[in-house]
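Visitor: Okay, handing you the structure first.
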Amino acid sequence: MKKNWWKILTVILLVYTLIIGFLGEVPRMPILNESIRNLFFHVPMWFGMIIILTTSVYHSVLYLNHQKEKNDFYAVESVNIGILFGFLGLVTGMIWAKPTWGQYWSGDPKQNASAIGLLMYLAYSVLRGSIADEQMRAKFSAVYAIFAFAIFIPLIFILPRLTDSLHPGNGGNPGFNVYDQAKSLRLIFYPAVIGWTLLGWWLITLRVRMRIWAVKMIE
């Protein structure tokens, strides 16, 4: 039980997010209306993706330093789950864009940058699959993950702020933190960020254990 406390916390936070996020009271903001509830899903998934991809960089650096197979497993599975969260964030963002911006995809700089970033990480998977030698594959993957992250962060956080953007907090648009109603949103938003991130880590640990088990079966 002591080892699994964070898994219990994950379930509690996500159940809380789902119930209160869908059924709780939310401020009636102009244009957004009920679609504001997507703040508890779309944005936390992106936050979780960034944290998970940071984990990939951390384990990639560890692998390059120590050449431990387990670090490679954590690095690659962090990228895999990061891609999953990225696609979920992209889809929920498109669902949110329809009632607020009038169309699912408007070519917004942040939408385009996010799509490019995900394609860049999909190329990571292609790279791993194209290298037969295990150690060489792990080394190239580790280097790619580090440089991809170094490009991805400016791509989605800095460049959209330098041009016109429909996203809140970008291109001169105010973020939600300027509204008084944002205080009530934080009571759900922050638990949602923690919950989705912990869920991502849970999935990573499960997939790493499966990889380790598969290696032991071969041996």
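Starting from 1 in every chain, residues are counted up; chains themselves are A, B, ... following the order of the structure tokens, and ligands are numbered from 1 as listed.
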Find the nearest atom pair between each residue of range 7-126 of chain A and range 150-160 of chain A for residues within 8 Å, count only C-alpha atoms, give distances in Å to one decimal, sort rows by chain and ascending number, and present the table as JSON lines.

Guide:
{"residue": "A:Pro109", "atom": "CA", "partner": "A:Pro160", "partner_atom": "CA", "distance": 5.4}
{"residue": "A:Lys110", "atom": "CA", "partner": "A:Pro160", "partner_atom": "CA", "distance": 5.4}
{"residue": "A:Ala113", "atom": "CA", "partner": "A:Ile156", "partner_atom": "CA", "distance": 5.6}
{"residue": "A:Ser114", "atom": "CA", "partner": "A:Ile156", "partner_atom": "CA", "distance": 6.1}
{"residue": "A:Gly117", "atom": "CA", "partner": "A:Phe152", "partner_atom": "CA", "distance": 5.7}

Visitor: Output N, CA and C atoms for every residue in that selection, as a compact mmCIF listing (two decimals), in the first residue's frame.

Guide:
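The result, written out as selection36.txt:
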# COMPACT_ATOMS: atom_id res chain seq x y z
N PRO A 109 -0.65 29.67 -35.14
CA PRO A 109 0.77 29.34 -34.98
C PRO A 109 1.04 28.24 -33.96
N LYS A 110 0.28 28.26 -32.87
CA LYS A 110 0.53 27.24 -31.84
C LYS A 110 0.01 25.88 -32.29
N ALA A 113 2.69 24.68 -34.76
CA ALA A 113 3.92 24.33 -34.05
C ALA A 113 3.76 23.02 -33.30
N SER A 114 2.59 22.81 -32.70
CA SER A 114 2.33 21.57 -31.97
C SER A 114 2.34 20.37 -32.91
N GLY A 117 5.87 19.65 -33.88
CA GLY A 117 6.58 19.03 -32.77
C GLY A 117 6.24 17.55 -32.63

Visitor: Give me the residues within 8 Å of Ser35 in chain A as a list of chain:residue names, counting only C-alpha atoms and dropping any in the same chain fewer than 4 places off.

Guide: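 Listed by chain and then number, they are A:Trp96, A:Pro99, A:Thr100.
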
Visitor: Could you pull the residues within 10 Å of Ala123 in chain A, counting only C-alpha atoms, minus those fewer than 6 positions along the same chain, as a list in words?

Guide: Gly117, Gly129, Tyr144 and Ala148 of chain A

Visitor: Output the selection as a PDB file, in the first residue's frame - C-alpha atoms for each residue.

Guide:
ATOM      1  CA  GLY A 117       6.576  19.030 -32.767  1.00  0.00           C
ATOM      2  CA  GLY A 129      12.923   1.213 -35.779  1.00  0.00           C
ATOM      3  CA  TYR A 144      17.768  12.694 -30.805  1.00  0.00           C
ATOM      4  CA  ALA A 148      14.224  17.275 -30.172  1.00  0.00           C
TER       5      ALA A 148
END

Visitor: Can you list, as a count of residues only, every residue of range 2-105 of chain A that DSSP puts in alpha helix (DSSP H)?

Guide: 77
